[in-house]
>>> print(open('model15.cif').read())   # mmCIF, C-alpha atoms and all ligand atoms
data_target
loop_
_atom_site.label_atom_id
_atom_site.label_comp_id
_atom_site.auth_asym_id
_atom_site.auth_seq_id
_atom_site.Cartn_x
_atom_site.Cartn_y
_atom_site.Cartn_z
CA MET A 24 55.06 -38.60 75.59
CA LYS A 25 53.90 -35.64 77.65
CA LYS A 26 56.90 -33.66 76.42
CA THR A 27 56.16 -34.48 72.75
CA LEU A 28 52.59 -33.36 73.20
CA ALA A 29 53.72 -30.09 74.79
CA ILE A 30 56.12 -29.39 71.88
CA LEU A 31 53.39 -30.22 69.39
CA LEU A 32 50.93 -27.90 71.08
CA ALA A 33 53.50 -25.10 71.25
CA ALA A 34 54.27 -25.56 67.54
CA ILE A 35 50.58 -25.41 66.66
CA LEU A 36 50.23 -22.23 68.70
CA VAL A 37 53.22 -20.51 67.03
CA LEU A 38 52.08 -21.50 63.54
CA GLY A 39 48.57 -20.35 64.35
CA CYS A 40 49.81 -16.94 65.48
CA MET A 41 52.01 -16.58 62.41
CA SER A 42 49.20 -17.27 60.01
CA PHE A 43 46.95 -14.94 62.02
CA ALA A 44 49.54 -12.13 61.72
CA SER A 45 50.10 -12.59 57.99
CA ALA A 46 46.37 -12.76 57.33
CA GLU A 47 46.14 -9.35 59.04
CA ALA A 48 48.98 -7.54 57.24
CA LYS A 49 47.98 -6.40 53.77
CA THR A 50 50.62 -5.45 51.22
CA TYR A 51 49.51 -3.15 48.42
CA LYS A 52 51.49 -3.15 45.20
CA VAL A 53 52.12 0.34 43.81
CA GLY A 54 53.62 0.92 40.34
CA VAL A 55 55.23 4.32 39.73
CA SER A 56 56.71 5.44 36.42
CA ILE A 57 58.57 8.76 36.18
CA TYR A 58 59.11 10.37 32.77
CA GLN A 59 62.88 10.68 33.30
CA TYR A 60 65.07 10.00 36.34
CA THR A 61 67.74 12.56 35.40
CA ASP A 62 65.23 15.44 35.85
CA ASN A 63 66.28 17.35 39.03
CA PHE A 64 62.78 18.29 40.14
CA MET A 65 61.22 14.90 39.48
CA THR A 66 64.04 13.30 41.48
CA LEU A 67 62.99 15.25 44.59
CA TYR A 68 59.39 14.38 43.81
CA ARG A 69 59.89 10.62 43.34
CA ASN A 70 62.06 10.28 46.45
CA GLU A 71 59.32 11.94 48.48
CA ILE A 72 56.69 9.54 47.06
CA GLU A 73 58.72 6.64 48.49
CA ASN A 74 59.46 8.37 51.82
CA TYR A 75 55.86 9.35 52.36
CA PHE A 76 54.46 5.88 51.56
CA LYS A 77 56.84 4.51 54.23
CA THR A 78 55.49 6.89 56.86
CA LEU A 79 51.96 5.63 56.18
CA GLU A 80 52.82 1.97 56.80
CA THR A 81 51.42 0.27 59.88
CA ASP A 82 51.66 -3.28 61.28
CA ASP A 83 48.63 -4.08 59.19
CA VAL A 84 49.28 -2.17 55.95
CA LYS A 85 52.43 -2.23 53.83
CA TYR A 86 53.18 -0.64 50.46
CA GLU A 87 55.47 -2.37 47.98
CA ILE A 88 56.64 0.30 45.53
CA THR A 89 57.99 -0.57 42.09
CA MET A 90 59.52 2.58 40.59
CA ALA A 91 60.49 2.77 36.89
CA ASP A 92 62.46 5.29 34.77
CA GLY A 93 60.53 6.22 31.62
CA LYS A 94 63.84 7.45 30.13
CA ASN A 95 61.92 10.14 28.27
CA ASP A 96 60.73 7.43 25.87
CA MET A 97 56.97 6.87 25.53
CA ALA A 98 57.38 3.35 24.06
CA GLU A 99 59.52 2.38 27.06
CA GLN A 100 56.97 3.83 29.47
CA THR A 101 54.08 2.05 27.74
CA ASN A 102 55.95 -1.24 28.29
CA GLN A 103 56.41 -0.37 31.95
CA VAL A 104 52.69 0.28 32.31
CA ARG A 105 51.91 -3.06 30.63
CA ASN A 106 54.28 -4.81 33.04
CA PHE A 107 52.53 -3.08 35.95
CA ILE A 108 49.23 -4.46 34.64
CA THR A 109 50.65 -8.00 34.28
CA GLN A 110 52.18 -7.79 37.77
CA GLY A 111 48.73 -6.95 39.14
CA MET A 112 49.53 -3.56 40.67
CA ASP A 113 46.82 -2.30 43.02
CA VAL A 114 47.35 1.32 41.96
CA ILE A 115 49.54 3.13 39.41
CA ILE A 116 51.12 6.60 39.74
CA LEU A 117 52.18 7.95 36.38
CA ASN A 118 54.30 10.91 35.26
CA LEU A 119 53.70 10.69 31.52
CA VAL A 120 56.52 11.04 29.01
CA GLN A 121 54.04 12.34 26.43
CA THR A 122 50.70 13.74 27.49
CA SER A 123 49.46 13.20 23.92
CA SER A 124 49.53 9.45 24.73
CA ALA A 125 47.31 9.91 27.78
CA ASP A 126 44.16 8.45 26.19
CA ALA A 127 45.79 5.19 25.13
CA VAL A 128 47.51 4.67 28.49
CA ILE A 129 44.44 5.59 30.56
CA ASP A 130 42.29 3.18 28.49
CA GLU A 131 44.62 0.24 29.12
CA ILE A 132 44.89 0.90 32.85
CA VAL A 133 41.16 1.46 33.32
CA ALA A 134 40.35 -1.69 31.30
CA ALA A 135 42.61 -3.64 33.66
CA GLY A 136 40.58 -2.32 36.61
CA ILE A 137 43.56 -0.51 38.16
CA PRO A 138 43.12 2.99 39.64
CA LEU A 139 45.44 5.67 38.25
CA VAL A 140 46.99 8.87 39.63
CA LEU A 141 48.55 11.08 36.97
CA ILE A 142 51.14 13.56 38.23
CA ASN A 143 53.15 16.60 37.09
CA ARG A 144 52.33 16.52 33.35
CA GLU A 145 48.72 17.43 32.81
CA PRO A 146 46.98 15.91 29.78
CA LEU A 147 45.01 18.60 28.00
CA ALA A 148 41.92 19.00 25.92
CA TYR A 149 42.51 20.28 22.38
CA ASP A 150 40.12 21.69 19.82
CA ALA A 151 39.96 20.52 16.18
CA ASP A 152 42.82 22.87 15.21
CA GLY A 153 45.08 21.50 17.91
CA LYS A 154 44.66 24.60 20.08
CA THR A 155 44.79 24.00 23.84
CA LEU A 156 41.38 24.33 25.44
CA ASP A 157 41.13 25.72 28.92
CA GLU A 158 38.99 22.76 29.94
CA SER A 159 39.38 19.57 31.87
CA TYR A 160 40.42 16.49 29.97
CA ALA A 161 37.73 13.90 29.21
CA GLY A 162 40.01 10.92 29.90
CA ILE A 163 40.26 12.08 33.50
CA LEU A 164 36.77 13.49 34.00
CA ASP A 165 34.99 10.41 32.60
CA ASN A 166 36.76 7.94 34.86
CA PRO A 167 35.97 7.84 38.59
CA THR A 168 39.22 5.98 39.37
CA VAL A 169 41.52 8.35 37.44
CA CYS A 170 42.77 11.70 38.69
CA TYR A 171 45.45 14.32 38.11
CA VAL A 172 47.58 15.92 40.83
CA GLY A 173 49.53 19.03 39.88
CA ALA A 174 50.00 22.76 40.00
CA ASP A 175 48.63 25.46 37.68
CA ALA A 176 51.67 26.57 35.69
CA ARG A 177 50.04 29.89 34.85
CA GLN A 178 50.54 30.86 38.48
CA SER A 179 54.28 30.07 38.38
CA GLY A 180 54.79 32.10 35.20
CA THR A 181 52.88 35.04 36.64
CA TYR A 182 55.00 34.94 39.81
CA GLN A 183 58.20 34.99 37.76
CA GLY A 184 57.05 38.08 35.87
CA GLU A 185 55.85 39.78 39.06
CA MET A 186 59.28 39.42 40.66
CA ILE A 187 60.75 41.42 37.75
CA ARG A 188 57.82 43.89 37.71
CA ASP A 189 58.31 44.61 41.42
CA LEU A 190 62.01 45.57 41.11
CA ASP A 191 62.76 49.31 41.53
CA ASN A 192 63.67 49.63 37.85
CA LYS A 193 60.96 47.12 36.80
CA GLY A 194 63.65 45.12 34.98
CA ASP A 195 64.66 48.01 32.71
CA ILE A 196 68.33 48.19 33.67
CA ASN A 197 69.55 50.41 30.81
CA GLY A 198 66.59 52.79 31.07
CA ASP A 199 65.60 52.54 27.40
CA GLY A 200 61.91 52.16 28.31
CA LYS A 201 61.63 48.43 27.68
CA VAL A 202 62.60 45.15 29.27
CA SER A 203 64.77 43.09 26.90
CA TYR A 204 64.74 39.45 27.83
CA ILE A 205 65.69 35.97 26.75
CA MET A 206 63.42 32.98 27.39
CA ILE A 207 64.79 29.49 28.01
CA GLU A 208 61.97 26.99 27.67
CA GLY A 209 61.34 23.48 28.97
CA ASP A 210 59.95 20.66 26.82
CA PRO A 211 57.61 22.52 24.42
CA GLU A 212 54.99 19.72 24.51
CA ASN A 213 54.66 20.34 28.23
CA ILE A 214 51.98 22.75 29.39
CA ASP A 215 54.27 23.92 32.21
CA ALA A 216 56.70 25.23 29.60
CA GLN A 217 53.96 26.81 27.48
CA TYR A 218 52.24 28.57 30.36
CA ARG A 219 55.40 29.76 32.12
CA THR A 220 56.68 31.25 28.85
CA GLU A 221 53.40 33.05 28.23
CA PHE A 222 52.47 34.19 31.74
CA SER A 223 55.88 35.44 32.88
CA VAL A 224 55.88 37.99 30.07
CA LYS A 225 52.15 38.70 30.48
CA ALA A 226 52.74 39.81 34.09
CA LEU A 227 54.98 42.56 32.68
CA THR A 228 52.76 43.63 29.78
CA ASP A 229 49.69 43.59 32.08
CA ALA A 230 51.53 46.13 34.22
CA GLY A 231 51.99 48.33 31.16
CA ILE A 232 55.70 47.48 30.79
CA GLU A 233 57.06 47.30 27.27
CA VAL A 234 59.01 44.13 26.49
CA GLU A 235 61.40 42.96 23.81
CA CYS A 236 62.13 39.27 23.27
CA LEU A 237 65.74 38.94 22.12
CA ASP A 238 65.80 35.15 22.07
CA ASP A 239 63.47 32.23 22.86
CA GLN A 240 64.99 28.74 22.82
CA VAL A 241 64.13 25.24 24.01
CA GLY A 242 66.37 23.87 26.77
CA ASN A 243 64.17 20.82 27.60
CA TRP A 244 64.42 21.40 31.39
CA ASP A 245 68.13 20.56 31.20
CA GLN A 246 70.93 22.36 33.08
CA THR A 247 73.69 21.87 30.47
CA LYS A 248 71.37 23.03 27.70
CA GLY A 249 70.35 26.06 29.80
CA GLN A 250 73.98 27.03 30.20
CA GLU A 251 74.70 26.64 26.48
CA LEU A 252 71.65 28.66 25.37
CA CYS A 253 72.30 31.45 27.86
CA ALA A 254 75.99 31.63 26.91
CA ASN A 255 75.07 31.91 23.21
CA ALA A 256 72.48 34.62 23.85
CA LEU A 257 74.85 36.61 26.05
CA SER A 258 77.60 36.53 23.47
CA LYS A 259 75.15 37.52 20.72
CA TYR A 260 73.19 40.24 22.53
CA GLY A 261 75.65 41.26 25.28
CA ASP A 262 74.50 44.08 27.57
CA LYS A 263 71.14 44.27 25.81
CA VAL A 264 70.02 41.24 27.84
CA GLU A 265 68.37 42.54 31.00
CA VAL A 266 66.31 39.53 32.11
CA VAL A 267 66.81 35.79 31.72
CA PHE A 268 63.56 33.87 32.18
CA CYS A 269 64.06 30.13 32.64
CA ASN A 270 61.07 27.78 32.76
CA ASN A 271 62.77 25.85 35.58
CA ASP A 272 65.65 26.08 38.05
CA GLY A 273 67.66 23.32 36.37
CA MET A 274 68.12 25.55 33.32
CA ALA A 275 68.52 28.64 35.55
CA LEU A 276 71.46 26.99 37.33
CA GLY A 277 73.07 26.52 33.91
CA ALA A 278 72.23 30.12 32.96
CA GLU A 279 73.84 31.38 36.16
CA THR A 280 77.11 29.64 35.23
CA ALA A 281 76.96 31.32 31.81
CA ILE A 282 76.19 34.72 33.38
CA ILE A 283 79.27 34.49 35.61
CA ALA A 284 81.44 33.29 32.71
CA ALA A 285 80.29 36.32 30.70
CA GLY A 286 81.45 38.62 33.53
CA ARG A 287 77.90 39.74 34.33
CA LYS A 288 76.44 40.19 37.82
CA VAL A 289 72.89 39.25 38.77
CA GLY A 290 71.10 42.07 40.55
CA GLU A 291 73.44 44.68 39.01
CA ASP A 292 73.49 44.30 35.24
CA ILE A 293 71.10 41.35 34.68
CA TYR A 294 68.21 39.51 36.37
CA LEU A 295 67.58 35.77 36.46
CA VAL A 296 64.46 33.85 37.51
CA GLY A 297 63.53 30.14 37.53
CA VAL A 298 60.86 27.80 38.89
CA ASP A 299 61.02 24.82 41.29
CA ALA A 300 62.99 26.13 44.31
CA LEU A 301 65.73 23.51 44.02
CA PRO A 302 68.02 23.78 47.08
CA GLU A 303 70.88 24.98 44.82
CA ALA A 304 68.66 27.79 43.46
CA ILE A 305 67.66 28.87 46.97
CA ASP A 306 71.36 29.15 47.85
CA LEU A 307 72.00 31.30 44.78
CA ILE A 308 69.09 33.59 45.67
CA LYS A 309 70.40 34.04 49.21
CA GLU A 310 73.87 34.86 47.82
CA GLY A 311 72.33 37.34 45.36
CA ASN A 312 73.28 35.30 42.28
CA MET A 313 69.68 34.60 41.23
CA THR A 314 66.82 37.11 41.42
CA GLY A 315 64.12 34.64 42.41
CA THR A 316 62.34 31.37 41.86
CA VAL A 317 58.90 29.88 42.44
CA LEU A 318 58.37 26.96 44.77
CA ASN A 319 57.02 23.99 42.82
CA ASP A 320 55.90 22.16 45.93
CA HIS A 321 57.15 18.58 45.43
CA ILE A 322 56.31 17.75 49.05
CA GLY A 323 52.71 18.97 48.76
CA GLN A 324 52.26 17.35 45.34
CA SER A 325 53.80 13.97 46.22
CA HIS A 326 51.81 13.79 49.45
CA ALA A 327 48.59 14.68 47.65
CA ALA A 328 49.33 11.99 45.03
CA VAL A 329 50.04 9.33 47.65
CA ASP A 330 47.03 10.32 49.78
CA VAL A 331 44.68 9.96 46.82
CA ALA A 332 46.35 6.65 45.83
CA VAL A 333 45.61 5.37 49.34
CA LYS A 334 42.00 6.53 49.05
CA LEU A 335 41.70 4.61 45.79
CA LEU A 336 43.20 1.52 47.46
CA ASN A 337 40.54 1.82 50.14
CA GLY A 338 37.82 2.09 47.50
CA GLU A 339 36.96 5.64 48.54
CA LYS A 340 35.45 8.19 46.17
CA ILE A 341 37.96 10.72 44.83
CA ASP A 342 38.00 14.04 42.98
CA ASN A 343 39.35 14.12 39.43
CA TYR A 344 41.69 17.05 40.05
CA TYR A 345 43.92 18.05 42.98
CA TRP A 346 45.79 21.35 42.82
CA VAL A 347 48.79 22.47 44.87
CA ASN A 348 49.78 26.15 45.02
CA TYR A 349 53.07 27.66 43.91
CA VAL A 350 54.90 30.12 46.19
CA LYS A 351 56.91 33.17 45.06
CA ILE A 352 60.47 33.13 46.41
CA ASP A 353 62.56 36.30 46.27
CA LYS A 354 65.63 37.03 48.41
CA ALA A 355 63.66 38.23 51.46
CA TYR A 356 61.42 35.17 51.40
CA ALA A 357 64.37 32.80 50.94
CA GLU A 358 66.26 34.38 53.85
CA ALA A 359 63.24 34.20 56.14
CA ASN A 360 62.15 30.68 55.23
CA TYR A 361 65.18 28.60 54.24
C1 LIG B 401 57.99 20.92 35.87
C2 LIG B 401 59.27 21.29 36.60
C3 LIG B 401 60.45 21.01 35.69
C4 LIG B 401 60.40 19.58 35.19
C5 LIG B 401 59.05 19.30 34.56
C6 LIG B 401 58.93 17.86 34.12
O1 LIG B 401 56.88 21.14 36.70
O2 LIG B 401 59.24 22.65 36.91
O3 LIG B 401 61.65 21.23 36.38
O4 LIG B 401 60.59 18.72 36.27
O5 LIG B 401 58.01 19.58 35.48
O6 LIG B 401 57.67 17.60 33.55
#
>>> encode(input="model15.cif", output="structure tokens")
Amino acid sequence: MKKTLAILLAAILVLGCMSFASAEAKTYKVGVSIYQYTDNFMTLYRNEIENYFKTLETDDVKYEITMADGKNDMAEQTNQVRNFITQGMDVIILNLVQTSSADAVIDEIVAAGIPLVLINREPLAYDADGKTLDESYAGILDNPTVCYVGADARQSGTYQGEMIRDLDNKGDINGDGKVSYIMIEGDPENIDAQYRTEFSVKALTDAGIEVECLDDQVGNWDQTKGQELCANALSKYGDKVEVVFCNNDGMALGAETAIIAAGRKVGEDIYLVGVDALPEAIDLIKEGNMTGTVLNDHIGQSHAAVDVAVKLLNGEKIDNYYWVNYVKIDKAYAEANY
């Protein structure tokens, strides 16, 4: 009898402790949708979102991440967001497929009472003629539980142009008084592509350098497409091409393959710049096979996004915009820092 009582008491104690522990530990549900998993840069970014959330876990707080591939399809991503709402996510982190759908998506998430962190693709304000306004977007500004975390793409474009401007020959390899370039663009709906295209060239013209655009094509951030477009331009314009501007490193890696195949040599008879600082691009810069890139800080951006998501989970007040700086990476910088 005594023994039964002792076992019973012990069992009550164990059960009591267990329920005490589980009452303490809080698991937050986080829904993340990325515009497309095959994107090189967004792969680094999304992996770091998961890693960083893990480092913030304690005995008392856990984060259950549900990550979804938007497959570059807005209808698919809208379904994912609706599932997140049905599943009762505590916060959503969203890399939009189409920023033009921002209003509709933000409305649904806000109506469901779920805080939202938009990343990487900034929704923009437009005027009546569809022209981009250099103003913050109402869907973000008007909602205290919605914010955007990103980098100002004008800076990355300017840095690309400055790396060419600062070369001894200022990019004019054949000495004809102008810099003849080709531009390989990312997704044209994306402000990163628009600004990098504009500001890379502006850094040259602002320095009084004459430019000639031989070719400007859309490579949609994609390596294979970058290779194809660069190969075509090189066979069409040959030695005339002095600079290859790529809106990102993915396409620059493809361009580099085309440059080698065409028997050209970066740093001698052609220059090549990208954006992102993918590890493969850093290696090429150190070897002298790429002129430079611009660090698109996926660590800084993913950490800022997660930190603000945690603030929202804690009911803290947030800002509507968080900006992370780009960093210019030429050969000297790459050798000293990587
Ligand atoms: C850019 C990045 C590109 C691509 C794009 C997706 O910031 O440079 O490589 O990932 O975002 O929106």
>>> residues_near_ligand(input="model15.cif", ligand="ligand LIG 401 (chain B)", cutoff="6 Å", atoms="only C-alpha atoms and all ligand atoms", output="list in words")
Asp62, Phe64, Met65, Asn143, Arg144, Asp215, Trp244, Asn271, Val298 and Asp299 of chain A
>>> residues_around(input="model15.cif", residues="region 119-136 of chain A", least_positions_apart="2", cutoff="6 Å", atoms="all atoms listed in the file", output="list in words")
Tyr58, Asn95, Met97, Leu117 and Pro146 of chain A
>>> atom_distance(input="model15.cif", atom1="CA of Asp353 (chain A)", atom2="CA of Tyr260 (chain A)")
26.3 Å
>>> residues_around(input="model15.cif", residues="Thr81 (chain A)", least_positions_apart="3", cutoff="12 Å", atoms="only C-alpha atoms", output="MDAnalysis selection string")
chainID A and resid 47:50 76:78 84:86
>>> closest_residue(input="model15.cif", among="A:Met90, A:Ala254, A:Ala304, A:Ala216", to="Thr280 (chain A)", atoms="only C-alpha atoms")
A:Ala254
>>> residues_around(input="model15.cif", residues="region 312-326 of chain A", least_positions_apart="2", cutoff="7 Å", atoms="only C-alpha atoms", output="compact mmCIF listing (two decimals) with C-alpha atoms, in the frame of the given file")
# COMPACT_ATOMS: atom_id res chain seq x y z
CA LEU A 67 62.99 15.25 44.59
CA TYR A 68 59.39 14.38 43.81
CA GLU A 71 59.32 11.94 48.48
CA ILE A 72 56.69 9.54 47.06
CA TYR A 75 55.86 9.35 52.36
CA VAL A 172 47.58 15.92 40.83
CA GLY A 173 49.53 19.03 39.88
CA SER A 179 54.28 30.07 38.38
CA TYR A 182 55.00 34.94 39.81
CA GLN A 183 58.20 34.99 37.76
CA VAL A 289 72.89 39.25 38.77
CA GLY A 290 71.10 42.07 40.55
CA TYR A 294 68.21 39.51 36.37
CA LEU A 295 67.58 35.77 36.46
CA VAL A 296 64.46 33.85 37.51
CA GLY A 297 63.53 30.14 37.53
CA VAL A 298 60.86 27.80 38.89
CA ASP A 299 61.02 24.82 41.29
CA ALA A 300 62.99 26.13 44.31
CA LEU A 307 72.00 31.30 44.78
CA ILE A 308 69.09 33.59 45.67
CA GLU A 310 73.87 34.86 47.82
CA ALA A 328 49.33 11.99 45.03
CA VAL A 329 50.04 9.33 47.65
CA ASP A 330 47.03 10.32 49.78
CA VAL A 347 48.79 22.47 44.87
CA TYR A 349 53.07 27.66 43.91
CA VAL A 350 54.90 30.12 46.19
CA LYS A 351 56.91 33.17 45.06
CA ILE A 352 60.47 33.13 46.41
CA ASP A 353 62.56 36.30 46.27
CA LYS A 354 65.63 37.03 48.41
>>> atom_distance(input="model15.cif", atom1="CA of Ile108 (chain A)", atom2="CA of Ile137 (chain A)")
7.8 Å
>>> closest_residue(input="model15.cif", among="A:Asn118, A:Ser258, A:Gly277, A:Ala98", to="Tyr60 (chain A)", atoms="only C-alpha atoms")
A:Asn118
>>> residues_around(input="model15.cif", residues="Met274 (chain A)", least_positions_apart="4", cutoff="9 Å", atoms="all atoms listed in the file", output="JSON list (two decimals) with C-alpha atoms, in the coordinates of the input")
[["chain", "number", "residue", "atom", "x", "y", "z"],
["A", 207, "ILE", "CA", 64.79, 29.49, 28.01],
["A", 208, "GLU", "CA", 61.97, 26.99, 27.67],
["A", 209, "GLY", "CA", 61.34, 23.48, 28.97],
["A", 242, "GLY", "CA", 66.37, 23.87, 26.77],
["A", 243, "ASN", "CA", 64.17, 20.82, 27.60],
["A", 244, "TRP", "CA", 64.42, 21.40, 31.39],
["A", 245, "ASP", "CA", 68.13, 20.56, 31.20],
["A", 246, "GLN", "CA", 70.93, 22.36, 33.08],
["A", 247, "THR", "CA", 73.69, 21.87, 30.47],
["A", 248, "LYS", "CA", 71.37, 23.03, 27.70],
["A", 249, "GLY", "CA", 70.35, 26.06, 29.80],
["A", 250, "GLN", "CA", 73.98, 27.03, 30.20],
["A", 269, "CYS", "CA", 64.06, 30.13, 32.64],
["A", 270, "ASN", "CA", 61.07, 27.78, 32.76],
["A", 278, "ALA", "CA", 72.23, 30.12, 32.96],
["A", 279, "GLU", "CA", 73.84, 31.38, 36.16],
["A", 297, "GLY", "CA", 63.53, 30.14, 37.53]]
>>> closest_residue(input="model15.cif", among="A:Asn343, A:Glu291, A:Ala357, A:Gly338", to="Asp306 (chain A)", atoms="all atoms listed in the file")
A:Ala357
